[in-house]
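protein.csv (CSV, C-alpha atoms)
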```csv
chain,number,residue,atom,x,y,z
M,1,GLY,CA,17.5,0.6,6.0
M,2,ALA,CA,14.5,-0.6,3.9
M,3,VAL,CA,16.2,-0.5,0.5
M,4,VAL,CA,14.6,-1.9,-2.6
M,5,SER,CA,16.5,-2.3,-5.8
M,6,GLN,CA,15.2,-2.9,-9.3
M,7,HIS,CA,16.9,-4.2,-12.4
M,8,PRO,CA,17.1,-3.0,-15.1
M,9,SER,CA,16.6,0.7,-14.6
M,10,TRP,CA,15.6,1.1,-18.2
M,11,VAL,CA,15.0,-1.2,-21.1
M,12,ILE,CA,14.1,-0.7,-24.8
M,13,CYS,CA,12.7,-3.7,-26.7
M,14,LYS,CA,11.0,-4.5,-29.9
M,15,SER,CA,7.3,-5.2,-30.0
M,16,GLY,CA,6.4,-8.8,-29.4
M,17,THR,CA,9.4,-9.6,-27.1
M,18,SER,CA,9.2,-10.3,-23.4
M,19,VAL,CA,10.9,-8.3,-20.7
M,20,LYS,CA,11.7,-9.4,-17.2
M,21,ILE,CA,12.1,-6.9,-14.3
M,22,GLU,CA,13.6,-7.9,-11.0
M,23,CYS,CA,12.8,-6.4,-7.7
M,24,ARG,CA,14.9,-7.1,-4.6
M,25,SER,CA,14.6,-6.1,-1.0
M,26,LEU,CA,18.2,-5.6,0.1
M,27,ASP,CA,18.1,-5.3,3.9
M,28,PHE,CA,14.7,-6.6,4.9
M,29,GLN,CA,12.4,-9.5,4.2
M,30,ALA,CA,9.5,-8.4,2.1
M,31,THR,CA,6.6,-10.7,2.8
M,32,THR,CA,4.5,-8.8,0.3
M,33,MET,CA,5.7,-7.1,-2.9
M,34,PHE,CA,3.7,-4.8,-5.1
M,35,TRP,CA,4.0,-3.9,-8.7
M,36,TYR,CA,2.8,-0.5,-10.0
M,37,ARG,CA,2.7,1.2,-13.3
M,38,GLN,CA,2.9,5.0,-13.8
M,39,PHE,CA,2.2,6.8,-17.1
M,40,PRO,CA,3.6,10.3,-17.5
M,41,LYS,CA,2.0,12.9,-15.2
M,42,GLN,CA,-0.2,10.3,-13.7
M,43,SER,CA,-0.2,8.7,-10.3
M,44,LEU,CA,0.9,5.1,-9.5
M,45,MET,CA,-1.6,2.4,-10.5
M,46,LEU,CA,-1.4,-0.8,-8.5
M,47,MET,CA,-1.1,-3.8,-10.9
M,48,ALA,CA,-0.7,-6.7,-8.5
M,49,THR,CA,0.2,-7.8,-5.1
M,50,SER,CA,2.4,-10.9,-4.5
M,51,ASN,CA,3.2,-12.8,-1.4
M,52,GLU,CA,6.2,-15.1,-1.2
M,53,GLY,CA,5.4,-18.6,-2.4
M,54,SER,CA,1.8,-17.9,-3.5
M,55,LYS,CA,0.1,-16.6,-6.6
M,56,ALA,CA,-0.1,-12.9,-7.2
M,57,THR,CA,-3.4,-11.1,-6.9
M,58,TYR,CA,-4.1,-8.9,-9.8
M,59,GLU,CA,-6.1,-5.7,-9.9
M,60,GLN,CA,-9.1,-5.4,-12.1
M,61,GLY,CA,-8.2,-4.8,-15.7
M,62,VAL,CA,-4.7,-6.2,-15.4
M,63,GLU,CA,-4.1,-9.3,-17.5
M,64,LYS,CA,-2.4,-11.9,-15.5
M,65,ASP,CA,-1.2,-13.9,-18.5
M,66,LYS,CA,0.5,-10.8,-19.9
M,67,PHE,CA,2.1,-9.6,-16.7
M,68,LEU,CA,3.6,-12.6,-15.1
M,69,ILE,CA,4.7,-12.2,-11.5
M,70,ASN,CA,6.9,-14.6,-9.5
M,71,HIS,CA,7.7,-14.0,-5.8
M,72,ALA,CA,10.3,-16.6,-5.5
M,73,SER,CA,11.7,-15.6,-2.1
M,74,LEU,CA,11.3,-13.1,0.7
M,75,THR,CA,13.8,-10.8,-1.1
M,76,LEU,CA,13.0,-11.3,-4.8
M,77,SER,CA,10.0,-10.7,-7.0
M,78,THR,CA,10.0,-10.6,-10.8
M,79,LEU,CA,7.6,-9.1,-13.3
M,80,THR,CA,7.7,-10.4,-16.9
M,81,VAL,CA,5.9,-8.4,-19.5
M,82,THR,CA,5.1,-10.9,-22.2
M,83,SER,CA,4.7,-10.0,-25.9
M,84,ALA,CA,5.2,-6.4,-25.1
M,85,HIS,CA,3.5,-3.7,-27.3
M,86,PRO,CA,4.1,0.0,-27.5
M,87,GLU,CA,1.1,0.7,-25.2
M,88,ASP,CA,3.0,-1.2,-22.5
M,89,SER,CA,5.7,1.5,-22.4
M,90,SER,CA,5.6,2.9,-18.9
M,91,PHE,CA,7.5,3.4,-15.7
M,92,TYR,CA,7.2,0.2,-13.7
M,93,ILE,CA,7.8,0.4,-9.9
M,94,CYS,CA,7.9,-2.3,-7.3
M,95,SER,CA,7.7,-2.0,-3.6
M,96,GLY,CA,8.2,-4.2,-0.6
M,97,ALA,CA,6.5,-4.4,2.8
M,98,GLY,CA,7.5,-6.4,5.8
M,99,GLY,CA,4.1,-7.3,7.0
M,100,PRO,CA,0.7,-5.7,7.7
M,101,PRO,CA,0.3,-2.9,8.7
M,102,ASP,CA,3.6,-1.7,7.3
M,103,THR,CA,5.1,1.0,5.2
M,104,GLN,CA,5.9,0.2,1.6
M,105,TYR,CA,9.4,1.0,0.3
M,106,PHE,CA,9.8,1.6,-3.3
M,107,GLY,CA,12.4,0.5,-5.8
M,108,PRO,CA,13.9,3.1,-8.2
M,109,GLY,CA,11.7,2.0,-11.0
M,110,THR,CA,12.2,0.6,-14.5
M,111,ARG,CA,11.4,2.6,-17.6
M,112,LEU,CA,10.2,0.3,-20.3
M,113,THR,CA,10.1,1.6,-23.9
M,114,VAL,CA,8.6,-0.8,-26.5
M,115,LEU,CA,9.3,0.2,-30.1
Q,1,GLY,CA,-14.6,1.9,-4.3
Q,2,GLN,CA,-11.9,4.3,-3.4
Q,3,ASN,CA,-11.9,8.0,-4.2
Q,4,ILE,CA,-8.8,10.0,-3.1
Q,5,ASP,CA,-8.7,13.6,-4.0
Q,6,GLN,CA,-5.8,16.0,-4.0
Q,7,PRO,CA,-5.2,19.4,-5.7
Q,8,THR,CA,-3.4,18.9,-9.0
Q,9,GLU,CA,-0.8,21.7,-8.6
Q,10,MET,CA,0.4,24.2,-6.0
Q,11,THR,CA,2.9,26.9,-6.1
Q,12,ALA,CA,4.7,28.3,-3.0
Q,13,THR,CA,7.7,30.5,-2.2
Q,14,GLU,CA,11.0,29.4,-0.8
Q,15,GLY,CA,11.0,29.7,3.0
Q,16,ALA,CA,7.2,29.7,3.3
Q,17,ILE,CA,4.8,27.1,4.6
Q,18,VAL,CA,2.5,25.1,2.4
Q,19,GLN,CA,-0.4,22.7,3.2
Q,20,ILE,CA,-1.4,20.0,0.8
Q,21,ASN,CA,-4.8,18.5,1.4
Q,22,CYS,CA,-6.1,15.0,0.8
Q,23,THR,CA,-9.6,13.7,1.2
Q,24,TYR,CA,-10.7,10.1,0.8
Q,25,GLN,CA,-14.0,8.2,0.7
Q,26,THR,CA,-13.2,4.6,1.2
Q,27,SER,CA,-14.4,1.6,3.2
Q,28,GLY,CA,-11.9,0.0,5.7
Q,29,PHE,CA,-8.8,1.8,6.8
Q,30,ASN,CA,-5.3,0.9,7.7
Q,31,GLY,CA,-3.5,4.2,7.6
Q,32,LEU,CA,-2.9,7.3,5.4
Q,33,PHE,CA,0.5,7.6,3.8
Q,34,TRP,CA,2.4,10.5,2.2
Q,35,TYR,CA,5.1,10.0,-0.3
Q,36,GLN,CA,7.4,12.4,-2.2
Q,37,GLN,CA,8.2,11.8,-5.8
Q,38,HIS,CA,10.7,13.7,-7.9
Q,39,ALA,CA,10.2,13.6,-11.7
Q,40,GLY,CA,11.5,10.3,-13.2
Q,41,GLU,CA,12.1,8.8,-9.8
Q,42,ALA,CA,10.3,6.4,-7.5
Q,43,PRO,CA,8.3,7.6,-4.5
Q,44,THR,CA,10.0,8.0,-1.1
Q,45,PHE,CA,8.2,7.6,2.1
Q,46,LEU,CA,7.5,10.7,4.1
Q,47,SER,CA,4.9,9.9,6.8
Q,48,TYR,CA,2.2,7.6,8.0
Q,49,ASN,CA,-0.9,8.4,10.1
Q,50,VAL,CA,-3.2,5.7,11.5
Q,51,LEU,CA,-4.6,7.7,14.5
Q,52,ASP,CA,-6.2,11.1,14.5
Q,53,GLY,CA,-3.9,14.0,15.0
Q,54,LEU,CA,-0.6,15.5,13.9
Q,55,GLU,CA,2.6,13.7,13.3
Q,56,GLU,CA,5.7,15.9,13.1
Q,57,LYS,CA,8.9,15.0,11.4
Q,58,GLY,CA,11.3,17.9,11.1
Q,59,ARG,CA,10.1,20.2,8.4
Q,60,PHE,CA,7.3,17.9,7.4
Q,61,SER,CA,4.1,17.2,9.4
Q,62,SER,CA,1.1,15.2,8.6
Q,63,PHE,CA,-2.4,15.4,10.0
Q,64,LEU,CA,-5.3,12.9,9.9
Q,65,SER,CA,-9.0,13.1,10.8
Q,66,ARG,CA,-10.6,9.7,10.2
Q,67,SER,CA,-14.1,10.9,10.9
Q,68,LYS,CA,-13.8,13.5,8.2
Q,69,GLY,CA,-11.8,11.4,5.8
Q,70,TYR,CA,-9.2,14.2,5.6
Q,71,SER,CA,-5.5,14.5,5.8
Q,72,TYR,CA,-2.9,17.2,5.1
Q,73,LEU,CA,0.8,17.4,4.6
Q,74,LEU,CA,2.5,20.5,6.0
Q,75,LEU,CA,5.8,21.6,4.7
Q,76,LYS,CA,7.7,24.3,6.5
Q,77,GLU,CA,10.7,26.4,5.6
Q,78,LEU,CA,10.3,25.4,2.0
Q,79,GLN,CA,13.4,24.7,-0.1
Q,80,MET,CA,13.8,24.6,-3.8
Q,81,LYS,CA,14.5,20.9,-3.6
Q,82,ASP,CA,11.0,20.4,-2.2
Q,83,SER,CA,9.7,20.9,-5.7
Q,84,ALA,CA,8.1,17.5,-6.4
Q,85,SER,CA,4.9,15.6,-6.5
Q,86,TYR,CA,3.4,14.7,-3.2
Q,87,LEU,CA,1.3,11.5,-3.2
Q,88,CYS,CA,-1.4,10.8,-0.7
Q,89,ALA,CA,-2.1,7.0,-0.3
Q,90,TRP,CA,-4.8,5.2,1.5
Q,91,GLY,CA,-4.0,1.9,3.2
Q,92,GLY,CA,-6.7,-0.7,2.8
Q,93,GLY,CA,-5.9,-2.9,5.8
Q,94,GLY,CA,-6.7,-6.5,6.0
Q,95,ALA,CA,-4.1,-9.1,5.3
Q,96,THR,CA,-2.2,-7.1,2.8
Q,97,ASN,CA,-0.6,-3.6,2.8
Q,98,LYS,CA,-2.4,-2.6,-0.4
Q,99,LEU,CA,-2.1,1.1,-1.0
Q,100,ILE,CA,-4.4,3.2,-3.3
Q,101,PHE,CA,-2.7,6.4,-4.4
Q,102,GLY,CA,-4.3,9.8,-5.1
Q,103,THR,CA,-3.4,11.6,-8.3
Q,104,GLY,CA,-0.6,13.5,-6.6
Q,105,THR,CA,0.0,17.2,-6.1
Q,106,LEU,CA,2.8,18.8,-8.1
Q,107,LEU,CA,4.4,21.4,-5.9
Q,108,ALA,CA,6.5,24.2,-7.5
Q,109,VAL,CA,8.7,26.1,-5.1
Q,110,GLN,CA,9.7,29.5,-6.4
Q,111,PRO,CA,12.6,31.8,-5.3
```

As structure tokens, please, write out the structure in this file.
Amino acid sequence: GAVVSQHPSWVICKSGTSVKIECRSLDFQATTMFWYRQFPKQSLMLMATSNEGSKATYEQGVEKDKFLINHASLTLSTLTVTSAHPEDSSFYICSGAGGPPDTQYFGPGTRLTVL
Amino acid sequence: GQNIDQPTEMTATEGAIVQINCTYQTSGFNGLFWYQQHAGEAPTFLSYNVLDGLEEKGRFSSFLSRSKGYSYLLLKELQMKDSASYLCAWGGGGATNKLIFGTGTLLAVQP
């Protein structure tokens, strides 16, 4: 149980384009979903927290207009990286949780490379 | 703010026992989590402590002391496949399940 999927698993795009990453909880309802970014040899950095049907809460230093998050249902959240630049290249990981206090279950991650 | 400290790297021998420590200085508390992450993969959940004491799960055990802001992950009968990063994460409580991760400990298991 507690499986989270992400799509795509990897993407390469040109600078200036937008990329959408989907995160789905397959066998549970994720009332809260989280988006993280991880640079090589570093730990996970929380970008934002989203609850179904409401606006996402962004961590300090994360541009909400650049990283658009939509939590359309209890099983789906999307992250859109708008006007991507090479410095946005990273490993993006989502997680879902069923409700506080609860364990977060992580998706397999999406490796984004911006040329 | 949150400050979560773990050793950066550790090395241990196959079949041995290793203890990975984590200390935290935060306000509010909803639990202390341990995750395992292999290179290029997402973290997988190992354990969760919200009360003081030891939680045992097979070869892995986790300990928490809330008064000391201290936790450790104990791995017994080490196997080569245990080579990975081990992430300590602090749960902030409140209405969300927000986690703040430590920098992770890269464990290398040698023959």

**OP:** Just need the residues of chain M within 7 Å of chain Q, counting only C-alpha atoms, so spit them out as a ChimeraX atom specification.
**Re:** /M:42-44,93,100-102,105-109

Can I get the selection written as an mmCIF file, in the coordinates of the input, with C-alpha atoms?
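Output file selection.cif is given in full below:
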```cif
data_model
loop_
_atom_site.group_PDB
_atom_site.id
_atom_site.type_symbol
_atom_site.label_atom_id
_atom_site.label_comp_id
_atom_site.auth_asym_id
_atom_site.auth_seq_id
_atom_site.Cartn_x
_atom_site.Cartn_y
_atom_site.Cartn_z
ATOM 1 C CA GLN M 42 -0.200 10.300 -13.700
ATOM 2 C CA SER M 43 -0.200 8.700 -10.300
ATOM 3 C CA LEU M 44 0.900 5.100 -9.500
ATOM 4 C CA ILE M 93 7.800 0.400 -9.900
ATOM 5 C CA PRO M 100 0.700 -5.700 7.700
ATOM 6 C CA PRO M 101 0.300 -2.900 8.700
ATOM 7 C CA ASP M 102 3.600 -1.700 7.300
ATOM 8 C CA TYR M 105 9.400 1.000 0.300
ATOM 9 C CA PHE M 106 9.800 1.600 -3.300
ATOM 10 C CA GLY M 107 12.400 0.500 -5.800
ATOM 11 C CA PRO M 108 13.900 3.100 -8.200
ATOM 12 C CA GLY M 109 11.700 2.000 -11.000
#
```

Subject >> Distance criterion (all atoms listed in the file): nearest to His71 in chain M out of M:Ala84, M:Leu46, M:Cys23, M:Ala97 >> reply: M:Cys23

**OP:** Quick one: pull the distance between CA of Gly61 in chain M and CA of Gly28 in chain Q, Å, one decimal.
**Re:**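 Distance reported for this atom pair: 22.2 Å.
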
Original post:
For the atom pair CA of Asn51 in chain M and CA of Pro8 in chain M, what is the interatomic distance in Å to one decimal place?
Top reply: 21.8 Å

Original post:
Got a sec: who's within 7 Å of Thr82 in chain M, counting all atoms listed in the file, leaving out chain neighbours fewer than 3 positions off, as a list in words?
Top reply: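 Answer for this query is Thr17, Ser18, Val19, Lys66 and Phe67 of chain M.
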
Subject >> Nearest to Gln104 in chain M by atom-to-atom distance, counting all atoms listed in the file, from M:Thr32, M:His7, M:His85, M:Leu76 >> reply: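 For Gln104 in chain M, the nearest of the candidates is M:Thr32.
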